[in-house]
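Data block below; observations after.
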Amino acid sequence: MRHPHATGGAPGAWSGPDQPREPGADAVVGRAAPRTGPAADRPAEHRRDELFADAVRGVLGRTGAYGALVYLRSRDRRSLALRTIAGVPLAVMSPFRRVAAAGPLPVAVCFRTGHEIVLTGSEDTMRRFPQLAVGLPYDFASACVPVEHGGERFGVLSVLWPASDDGVPESSRPLIAAVAAELGDGLAGLEESGQSVEPGGEGEPAVVELPPPSSVPTIRVGLFDWDVATGALAADEQFREIFGFGPGEFDGTATSLSGRIAPGDLPQFRAAARTALEHGEVLAARVRVLGPDGLPYPVELWARAPAVVSRGRTHLVGAVLDVRSLTAAAAAVERLREGVFSLDLDGRIRYANHATEPLLRARREDLIGHHPWDVLPWLADPFYENRYRAALLSQRPATFLAARPPDGWLAFSLYPDAHGVTGRVVSAEPLPDAVEPLPAAPPPAARTGVGGTHHLLQLASALTEAVTVRDVCRAVAEEILPAFGGQELAIYTVHDQELQLVSQSGYPDGFLDSFEGTPVDARVPGAETLSSGTAIFFESVRELAAAYPGLALDEMGAWAFLPLIASGRAVGSCILGFDRPHQFTVEERGLLTALGGFIAQALERARLYDAEFAVARGLQQALLPHRLAEVPGIRITARYLPGTQGMEIGGDWYDAIVTDGDVTLVIGDVEGHSVGAAATMGQLRSAVRAFATGGDPPDQVLAHTNRLLLDLDPGLLASCCLVRLASADGTARIARAGHMPPVLRHPDGRTEALYVAGGPLLGVDELAAYPVSELRLSPGSVLALYTDGLVEDPAAAIDEGVDRLRAAMARAEPGEDLEEAAERLLREVGSARRVDDVALLLTAFGRAAAGPTPPSV
């Protein structure tokens, strides 16, 4: 199965309606020419990216949020690809560029369910989505809204707010929903026109630049066209205003312009014009202009000779920039004695004042354009990058101390907004306990990025929840394939010195059959990576074919073969395939190698669990009846499901006992999940069967069993429900010991929960009484006995679960078989978050009943 990569538009893609331009304006200031032609003539990918850009700008402009992301489904629906991002560093989101659609992250859950997901802060995130908290351990509020139209879901719009007590503003939620709906409508329109909206190849997400806040000084730009030979100078209104000309004051000549330039700068102005004529252009020539008050202020001149003039250059076009506000601001910052610097959203230094140089012991030209942790080895610890990320995602100031070898300490303060971070650095006193010399800075190559660390943490978090080998393999496929962009994954384990396939994803049918049972010493990469203990990477088909001539290949273009070694023992190997050539970076190689160790440890633990679990479940199955009673006119079926967490066996049981032509239906549950609970269950089942077979009525059966449990003194309690059903007339006598009420479906489809009188749990009171209630079943009735694992849901009251069961039984289709009914009830009533065992005993009486059915366990 091929898994196409996502493609994205260029950062800052043009958005909005075409705007009219003055003739020649584009040529003067270097703007991109406007698009021409109807929107339908543009590629669908460009139109799609414009929709995304408009959506994130619309959300950020109307909700007070600082960041927005758009995820789009992949063509195979297995993952969600980050396509557009604004206000959040792309590097910070690198672990989440591709998200498994079946995974536990909020974006994936929102996509699968179609429900909005709102997280109020870090505590809410940790409680509900711990894997997101591991990957982004910062304090922020967020909302995920599905992007859909007419029942078709395209992706998810995710929005971020600064951390606050209020979390997500309530007034913003309908606005986000409206933007998501508008985006869904636009994508649906693309599909209706026959265009595909899913990513069709590999590409970077589009980064949408946000407009600066209104308080930030802006640069005014004026345009001019100057015939140097004649002195004629055509200028737009902005140009005239920058040079201080009022309406009608400018006569269109260079002489008039010269009168506005500070006399001391006129030689520099003329020299700039000569340079432009001789060399074709002049860049950022600075002169001073006299204002109405006679005080000078700076402007920058940019000019060039038009390319169409082949000889005798006498013509210039260009622009003048009014930079007085920015110049004043920069001068003020330069006068400070403390270091001031600016980081963009990606963490690169864009400005540093003069005072930063002696503090950081680095030249500004070596800092600008780089991450501080890349050019300053003593900041290479991931802790410092993490502080920058925490400031950006929480939108709260952050501070930290850093040791600058050999003898200095610096205090950093970070002040974030949606456009980047302003930093302040000053000298600081050493920490009180810092008595040893400062350590030398680590070499740059030794540094592991925070994004890589988060990949490791995410998979480690997923593997801690994986119990069985199947769970481990599923977690690996869901985390590694989307994170690294792979399309194929195979996991082999070692058994009797041979490789056996335990999981695969994305391979063509039958392709891996020939590799089954490969000896661990065979000369194939999946075995050699294990024998050598080192990962093997092939970045192209040519590399793999050259290293292993004759090896069967599929349609992949690059591979990573990872050894799975736990505690020095060979566990197996993991193969990751890419559908096109892939250059593995140093960080990727290190990450994948480390992930192989995590996978090996989890597999080893899971294999031990599976072996012990099989033994434990075998014991429990032996304690349950292998065949239910055969009674004419009555049909009985049963189901048993083990708990979804933990290895210990439980104490649920059921039985059907024939007594003098009648049948006694039994359901019970011993508290706890342990071998002791299962042993007690076996004793109680035997006791109930003995007392019921002896002819005791239901109340006496429970009373005798209760006293027996007290005599055994296992330290456990149990619930139980008995129904003695007469096959002749349908009379049912019911006794309960703290158990869930039976649910009855009448022949006409009506259902009710039988909240009949009952006694306490078994094992509580030696003198407890268990009243008997009697009713008569009509032919065609169905009675359900069950344990609480079927109706329990951590998010709802137990009575709501009983009502779900009653409603599900009422939805039975005419002629539904009892076996079909049992399977349907398990599907419709059981909670996906179930952790307890489930026992279900269904009994049909009268004309709808047939012969006996062995229980399904």
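In the structure tokens, the first chain shown is A, the next is B, and so on; residue numbers restart at 1 for each chain, and ligands run from 1 in the order shown.
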Practice item. Quick one: pick out all alpha helix (DSSP H) residues within range 111-359 of chain A from a backbone DSSP run and write them as a VMD selection string. Key: chain A and resid 111 to 113 122 to 128 130 to 135 172 to 192 237 to 242 254 to 258 266 to 279 324 to 334 356 to 359
Practice item. Extract the full set of strand (DSSP E) residues from range 340-546 of chain A according to DSSP on the backbone, and format it as a ChimeraX atom specification. Key: /A:340-343,349-352,398-404,408-417,420-427,488-495,498-505,518-519,536-538
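Comparing A:Tyr66, A:Val756, A:Ser505, A:Pro211 by their smallest distance to Ala475 in chain A, the closest is A:Ser505 (using only C-alpha atoms).
For the residues A:Glu338, A:Glu209, A:Glu792, A:Glu604, ranking by smallest atom-to-atom distance to Ala418 in chain A using only C-alpha atoms places A:Glu209 first.
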Review point. So, counting only C-alpha atoms, which residue among A:Arg733, A:Leu564, A:Arg750, A:Val670 is closest to Ser719 in chain A?
Key: A:Val670
Study note, to complete from the structure: Across A:Ile368, A:Ala362, A:Ile491, A:Ala141, the smallest distance to Tyr507 in chain A, with only C-alpha atoms counted, is shown by A:Ile491
Applying 10 Å and only C-alpha atoms, which residues near Ala807 in chain A remain after dropping the ones on its own chain fewer than 6 positions away? List them as a CSV table (one decimal) with all heavy atoms, in the first residue's frame.
chain,number,residue,atom,x,y,z
A,745,ARG,N,-36.9,-8.5,27.8
A,745,ARG,CA,-37.6,-8.0,26.6
A,745,ARG,C,-38.8,-8.9,26.4
A,745,ARG,O,-38.8,-10.1,26.2
A,745,ARG,CB,-36.7,-8.1,25.3
A,745,ARG,CG,-37.4,-7.7,24.0
A,745,ARG,CD,-36.4,-7.4,22.9
A,745,ARG,NE,-35.7,-8.6,22.5
A,745,ARG,CZ,-36.1,-9.6,21.7
A,745,ARG,NH1,-37.3,-9.5,21.1
A,745,ARG,NH2,-35.4,-10.6,21.4
A,750,ARG,N,-41.3,-4.5,24.0
A,750,ARG,CA,-41.0,-3.7,25.2
A,750,ARG,C,-39.9,-4.3,26.1
A,750,ARG,O,-39.8,-5.5,26.1
A,750,ARG,CB,-42.3,-3.6,26.0
A,750,ARG,CG,-43.4,-2.8,25.4
A,750,ARG,CD,-44.6,-2.7,26.4
A,750,ARG,NE,-45.1,-4.0,26.7
A,750,ARG,CZ,-45.0,-4.6,27.9
A,750,ARG,NH1,-44.3,-4.0,28.9
A,750,ARG,NH2,-45.5,-5.8,28.2
A,751,THR,N,-39.1,-3.4,26.7
A,751,THR,CA,-38.0,-3.9,27.6
A,751,THR,C,-38.1,-3.2,28.9
A,751,THR,O,-38.6,-2.1,29.0
A,751,THR,CB,-36.7,-3.6,26.9
A,751,THR,OG1,-36.6,-2.2,26.7
A,751,THR,CG2,-36.4,-4.4,25.7
A,752,GLU,N,-37.7,-3.9,29.9
A,752,GLU,CA,-37.6,-3.3,31.3
A,752,GLU,C,-36.5,-3.9,32.1
A,752,GLU,O,-36.1,-5.1,31.9
A,752,GLU,CB,-39.0,-3.5,32.0
A,752,GLU,CG,-39.4,-4.9,32.2
A,752,GLU,CD,-40.6,-5.1,33.0
A,752,GLU,OE1,-40.8,-4.3,34.0
A,752,GLU,OE2,-41.5,-5.9,32.6
A,801,GLY,N,-25.9,2.8,32.2
A,801,GLY,CA,-25.4,1.6,31.5
A,801,GLY,C,-26.5,0.6,31.4
A,801,GLY,O,-26.7,-0.1,30.3
A,825,LEU,N,-25.3,-7.0,21.4
A,825,LEU,CA,-25.4,-6.4,22.7
A,825,LEU,C,-24.0,-6.1,23.2
A,825,LEU,O,-23.7,-5.0,23.8
A,825,LEU,CB,-26.1,-7.3,23.7
A,825,LEU,CG,-27.6,-7.4,23.5
A,825,LEU,CD1,-28.2,-8.4,24.5
A,825,LEU,CD2,-28.3,-6.1,23.5
A,828,GLU,N,-22.9,-2.9,21.1
A,828,GLU,CA,-23.6,-1.7,21.3
A,828,GLU,C,-23.6,-1.2,22.7
A,828,GLU,O,-23.7,0.0,23.0
A,828,GLU,CB,-25.1,-1.9,20.8
A,828,GLU,CG,-25.2,-2.1,19.3
A,828,GLU,CD,-26.7,-2.3,18.9
A,828,GLU,OE1,-27.6,-2.1,19.8
A,828,GLU,OE2,-26.9,-2.6,17.8
A,829,VAL,N,-23.5,-2.1,23.7
A,829,VAL,CA,-23.6,-1.7,25.1
A,829,VAL,C,-22.2,-1.5,25.7
A,829,VAL,O,-22.0,-0.6,26.5
A,829,VAL,CB,-24.4,-2.7,25.9
A,829,VAL,CG1,-24.6,-2.2,27.3
A,829,VAL,CG2,-25.8,-2.9,25.2
Practice item. Tell me which of A:Phe269, A:Phe154, A:Phe400, A:Tyr138 sits closest to Leu301 in chain A, counting only C-alpha atoms. Key: A:Phe269
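In this structure, CA of Val109 in chain A sits 15.7 Å away from CA of Leu69 in chain A.
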Point to revise | Residue contacts of range 383-398 of chain A (6 Å, only C-alpha atoms) excluding same-chain residues fewer than 5 positions away, as a list in words | key: Tyr138, Asp139, Phe140, Pro162, Ala163, Ser413, Leu414, Tyr415 and Pro416 of chain A
Using only C-alpha atoms, I'd like a table of the residues in range 140-240 of chain A that come within 10 Å of range 256-260 of chain A; for each, show the closest atom pair and its distance in Å rounded to one decimal, ordered by chain and ascending number, as a Markdown table.
| residue | atom | partner | partner_atom | distance |
| --- | --- | --- | --- | --- |
| A:Gly231 | CA | A:Ser256 | CA | 9.9 |
| A:Leu233 | CA | A:Leu257 | CA | 8.8 |
| A:Arg240 | CA | A:Leu257 | CA | 9.2 |
Set the distance at 12 Å and use only C-alpha atoms: which residues neighbour Arg73 in chain A once local chain neighbours fewer than 3 positions away are removed? I'd like the list as a PDB file with C-alpha atoms, in the first residue's frame.
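Heads up, here's the output in result_14.pdb:
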ATOM      1  CA  HIS A   3       1.270   6.231   1.444  1.00  0.00           C
ATOM      2  CA  PRO A   4       1.767   9.569  -0.359  1.00  0.00           C
ATOM      3  CA  HIS A   5       3.487  12.384   1.425  1.00  0.00           C
ATOM      4  CA  ALA A   6       1.850  15.735   1.928  1.00  0.00           C
ATOM      5  CA  THR A   7       2.639  18.725  -0.212  1.00  0.00           C
ATOM      6  CA  VAL A  70      -4.692  22.938   9.597  1.00  0.00           C
ATOM      7  CA  ASP A  76      -5.226   6.386   2.420  1.00  0.00           C
ATOM      8  CA  ARG A  77      -6.917   7.957   5.498  1.00  0.00           C
ATOM      9  CA  ARG A  78      -4.230   6.445   7.744  1.00  0.00           C
ATOM     10  CA  SER A  79      -2.758   9.747   8.837  1.00  0.00           C
ATOM     11  CA  LEU A  80      -3.307  13.483   9.070  1.00  0.00           C
ATOM     12  CA  ALA A  81      -0.683  15.792   7.569  1.00  0.00           C
ATOM     13  CA  LEU A  82       0.057  19.271   8.876  1.00  0.00           C
ATOM     14  CA  ARG A  83      -0.493  21.512   5.860  1.00  0.00           C
ATOM     15  CA  ARG A  97       3.723  16.930  11.222  1.00  0.00           C
ATOM     16  CA  ARG A  98       2.080  13.589  10.540  1.00  0.00           C
ATOM     17  CA  VAL A  99      -0.399  12.199  13.046  1.00  0.00           C
ATOM     18  CA  ALA A 100      -1.844   8.691  12.955  1.00  0.00           C
ATOM     19  CA  ALA A 101      -5.576   8.945  12.314  1.00  0.00           C
ATOM     20  CA  ALA A 102      -6.122   6.008  14.670  1.00  0.00           C
ATOM     21  CA  VAL A 107      -6.364  16.011  16.357  1.00  0.00           C
ATOM     22  CA  ALA A 108      -6.857  12.316  15.533  1.00  0.00           C
ATOM     23  CA  PHE A 111     -11.052  13.641  13.040  1.00  0.00           C
ATOM     24  CA  ARG A 112     -12.390  10.183  13.885  1.00  0.00           C
ATOM     25  CA  PRO A 146     -13.389  19.041  12.383  1.00  0.00           C
ATOM     26  CA  VAL A 147     -13.292  20.424   8.848  1.00  0.00           C
ATOM     27  CA  GLU A 148     -16.173  18.743   7.039  1.00  0.00           C
ATOM     28  CA  GLU A 152     -17.409  14.106   4.505  1.00  0.00           C
ATOM     29  CA  ARG A 153     -14.512  14.942   6.829  1.00  0.00           C
ATOM     30  CA  PHE A 154     -11.411  16.493   5.289  1.00  0.00           C
ATOM     31  CA  GLY A 155      -9.267  17.316   8.299  1.00  0.00           C
ATOM     32  CA  VAL A 156      -9.034  19.341  11.485  1.00  0.00           C
ATOM     33  CA  LEU A 157      -8.522  22.997  12.384  1.00  0.00           C
ATOM     34  CA  LEU A 187     -12.638  21.940  -0.004  1.00  0.00           C
ATOM     35  CA  SER A 196      -8.185  16.052  -5.207  1.00  0.00           C
ATOM     36  CA  VAL A 197      -7.737  17.897  -1.926  1.00  0.00           C
ATOM     37  CA  GLU A 198      -5.393  15.399  -0.250  1.00  0.00           C
ATOM     38  CA  PRO A 199      -1.610  15.881  -0.265  1.00  0.00           C
ATOM     39  CA  GLY A 200      -0.126  14.327  -3.366  1.00  0.00           C
ATOM     40  CA  PRO A 482       3.343   8.962  10.562  1.00  0.00           C
TER      41      PRO A 482
END
Study note, to complete from the structure: What separates CA of His315 in chain A and CA of Val228 in chain A is a distance of 5.7 Å
Exercise for review: Give me the residues within 9 Å of Leu592 in chain A as a ChimeraX atom specification, counting only C-alpha atoms and dropping any in the same chain fewer than 6 places off.
Suggested key: /A:456,480,535,560,562
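Distance-wise, CA of Asp655 in chain A and CA of Arg627 in chain A end up 9.2 Å apart.
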